[in-house]
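For reference, the structure discussed in these notes is given below.
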Amino acid sequence: MAKYFDVHPDNPQPRTIAQVADSVRSGALIAYPTDSCYALGCRLGSRDGIDRIRTIRRLDDRHHFTLVCQDFAQLGQFVRIDNDVFRAIKASTPGSYTFILPATKEVPRMLQHPKKKTVGVRIPDHVVTQALLTELGEPLLSSTLLLPDEDEPMTQGWEIKDRLDHVLDAVVDSGDCGTEPTTVIDFSGGEAEIVRKGAGDVSRFE
């Protein structure tokens, strides 16, 4: 059974956030809210967590996982960014964007795209997510909580617990956070390529 954490959306309770962070450090797979929709998350180096996310979402090895980072300084440890790309990403964060970039040696190989050696990164504009990232002190390895054969992610924490209680370790509920996933921009080739149009405004990358 998954633990259920009811977190205030504007003033997340420090004790509860600390409990969630401790769970992640201990290897838990969690469902948590972001500024686009709910996501699955685990510790950066958790092979078990990665395998469980792949199973839940039926993902192949070409799927880009995302490192959800607290800020730009943290993001810069895990991807290589040239000056032009730096300015474009800096102007768009925090926000509902995922950027695909060449991974640094800090990113475990099991997270990198097998051929491109890239990884997704993002900095969310969400109070609860930011509180969790601050407490954790490292990125969350994440993937949108979109189940196979469904068109939209689940939006309610209680619904996620009800349906995925047997495969998750914890659910963080801070209310509805929408159904639109992030906009995905691939910068791995140097130019902005729009991979998915989502919650983030794509006009600045067109």
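Here's how to read the names in the structure tokens: chain A, B, ... by the order shown, residue numbers from 1 in each chain, ligand numbers from 1 in the order shown.
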Write out as an MDAnalysis selection string which residues come within 9 Å of Val127 of chain A when counting only C-alpha atoms, dropping same-chain ones fewer than 5 positions away.
chainID A and resid 9:12 34:35 132
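Residues in contact with Gly76 of chain A at up to 10 Å, not including ones fewer than 3 positions away on its chain and judged by only C-alpha atoms, are Cys69, Asp71, Phe72, Ala73, Val79, Arg80, Ile81, Phe86, Ala103, Thr104 and Val121 of chain A.
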Can those selected residues be exported to a file as a PDB file, in the first residue's frame so that it contains N, CA and C atoms?
ATOM      1  N   CYS A  69      14.862  19.331 -11.685  1.00  0.00           N
ATOM      2  CA  CYS A  69      15.894  20.025 -10.911  1.00  0.00           C
ATOM      3  C   CYS A  69      15.320  21.214 -10.136  1.00  0.00           C
ATOM      4  N   ASP A  71      16.989  24.143  -9.514  1.00  0.00           N
ATOM      5  CA  ASP A  71      17.352  25.428 -10.103  1.00  0.00           C
ATOM      6  C   ASP A  71      18.344  25.216 -11.245  1.00  0.00           C
ATOM      7  N   PHE A  72      18.763  26.335 -11.846  1.00  0.00           N
ATOM      8  CA  PHE A  72      19.635  26.257 -13.012  1.00  0.00           C
ATOM      9  C   PHE A  72      21.013  25.721 -12.656  1.00  0.00           C
ATOM     10  N   ALA A  73      21.505  26.073 -11.476  1.00  0.00           N
ATOM     11  CA  ALA A  73      22.822  25.597 -11.041  1.00  0.00           C
ATOM     12  C   ALA A  73      22.835  24.076 -10.956  1.00  0.00           C
ATOM     13  N   VAL A  79      23.715  18.337 -17.594  1.00  0.00           N
ATOM     14  CA  VAL A  79      23.654  18.472 -19.054  1.00  0.00           C
ATOM     15  C   VAL A  79      24.665  19.507 -19.534  1.00  0.00           C
ATOM     16  N   ARG A  80      25.077  19.348 -20.794  1.00  0.00           N
ATOM     17  CA  ARG A  80      25.995  20.310 -21.413  1.00  0.00           C
ATOM     18  C   ARG A  80      25.176  21.338 -22.186  1.00  0.00           C
ATOM     19  N   ILE A  81      25.477  22.611 -21.946  1.00  0.00           N
ATOM     20  CA  ILE A  81      24.697  23.699 -22.537  1.00  0.00           C
ATOM     21  C   ILE A  81      25.642  24.754 -23.104  1.00  0.00           C
ATOM     22  N   PHE A  86      21.855  28.170 -23.455  1.00  0.00           N
ATOM     23  CA  PHE A  86      21.791  28.636 -22.065  1.00  0.00           C
ATOM     24  C   PHE A  86      20.793  29.787 -21.934  1.00  0.00           C
ATOM     25  N   ALA A 103      23.924  14.610 -22.081  1.00  0.00           N
ATOM     26  CA  ALA A 103      24.134  14.332 -20.659  1.00  0.00           C
ATOM     27  C   ALA A 103      25.612  14.438 -20.284  1.00  0.00           C
ATOM     28  N   THR A 104      25.886  14.877 -19.049  1.00  0.00           N
ATOM     29  CA  THR A 104      27.248  14.844 -18.522  1.00  0.00           C
ATOM     30  C   THR A 104      27.496  13.484 -17.866  1.00  0.00           C
ATOM     31  N   VAL A 121      15.682  17.405 -18.959  1.00  0.00           N
ATOM     32  CA  VAL A 121      15.813  18.165 -17.713  1.00  0.00           C
ATOM     33  C   VAL A 121      14.723  19.224 -17.655  1.00  0.00           C
TER      34      VAL A 121
END
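Compared by their closest atoms to Asp149 of chain A, and using only C-alpha atoms, the residues A:Ile56, A:Asp6, A:Pro114, A:Ala21 rank with A:Ile56 nearest.
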Could you tell me which of A:Val68, A:Leu75, A:Ala88, A:Ala2 comes closest to Pro33 of chain A if we count only C-alpha atoms?
A:Val68
Please return, as a ChimeraX atom specification, all residues of segment 9-200 of chain A that DSSP assigns to strand (DSSP E or B) on the basis of the backbone.
/A:30-32,39-43,66-68,79,97-103,118-122,140-144,170-173,183-186,193-196
For Asp125 of chain A, work out the shell of residues within 12 Å, counting only C-alpha atoms and skipping chain neighbours fewer than 6 positions away, then give it as a ChimeraX atom specification.
/A:33-37,68-71,92-97,131,133,177,182,199-200
Write out as a list in words each polymer residue whose atoms come within 7 Å of Leu145 of chain A, counting only C-alpha atoms; drop sequence neighbours fewer than 2 positions from it.
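Once the adjacent positions are removed, what remains is Tyr38, Ala39, Leu40, Ser143, Leu147 and Pro153 of chain A.
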Would you save the residues of that selection, restricted to N, CA, C and O atoms, as a JSON list (two decimals), in the first residue's frame?
[["chain", "number", "residue", "atom", "x", "y", "z"],
["A", 38, "TYR", "N", 0.62, 15.43, -12.84],
["A", 38, "TYR", "CA", 1.29, 14.53, -11.89],
["A", 38, "TYR", "C", 2.40, 13.75, -12.60],
["A", 38, "TYR", "O", 2.32, 13.48, -13.80],
["A", 39, "ALA", "N", 3.43, 13.42, -11.83],
["A", 39, "ALA", "CA", 4.56, 12.67, -12.36],
["A", 39, "ALA", "C", 4.90, 11.51, -11.43],
["A", 39, "ALA", "O", 4.56, 11.53, -10.24],
["A", 40, "LEU", "N", 5.59, 10.53, -11.98],
["A", 40, "LEU", "CA", 6.21, 9.48, -11.19],
["A", 40, "LEU", "C", 7.64, 9.91, -10.91],
["A", 40, "LEU", "O", 8.32, 10.43, -11.80],
["A", 143, "SER", "N", 8.98, 10.85, -14.75],
["A", 143, "SER", "CA", 8.27, 10.61, -16.00],
["A", 143, "SER", "C", 6.81, 10.98, -15.76],
["A", 143, "SER", "O", 6.27, 10.74, -14.68],
["A", 147, "LEU", "N", -0.81, 6.73, -18.02],
["A", 147, "LEU", "CA", -0.88, 5.28, -18.11],
["A", 147, "LEU", "C", -1.07, 4.82, -19.56],
["A", 147, "LEU", "O", -1.61, 5.56, -20.38],
["A", 153, "PRO", "N", -3.34, 12.31, -18.35],
["A", 153, "PRO", "CA", -2.88, 11.88, -17.03],
["A", 153, "PRO", "C", -3.99, 12.02, -16.00],
["A", 153, "PRO", "O", -4.94, 12.78, -16.18]]
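Here atom CA of Glu206 of chain A stands at a distance of 16.7 Å from atom CA of Lys90 of chain A.
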From the list A:Gly175, A:Gly189, A:Gly120, A:Gly198, the nearest residue to Glu152 of chain A using only C-alpha atoms is A:Gly198
For a quick check of understanding, using only C-alpha atoms, which of A:Phe99, A:Phe65, A:Phe5, A:Tyr32 has the smallest distance to Val195 of chain A?
A:Phe99
For a quick check of understanding, using only C-alpha atoms, which of A:Asp173, A:Glu138, A:Glu150, A:Glu159 has the smallest distance to Arg25 of chain A?
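For Arg25 of chain A, the nearest of the candidates is A:Glu138.
Nearest to Thr118 of chain A of all the residues A:His64, A:Arg15, A:Lys105, A:Arg57 is A:His64, based on only C-alpha atoms.
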So which bits of chain A end up alpha helix (DSSP H) when you DSSP the backbone, as a ChimeraX atom specification?
/A:14-25,47-57,72-75,83-90,127-136,157-164
Find the distance between atom CA of Ile185 of chain A and atom CA of Thr155 of chain A and write it in Å to one decimal.
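Atom CA of Thr155 of chain A lies 23.7 Å from atom CA of Ile185 of chain A.
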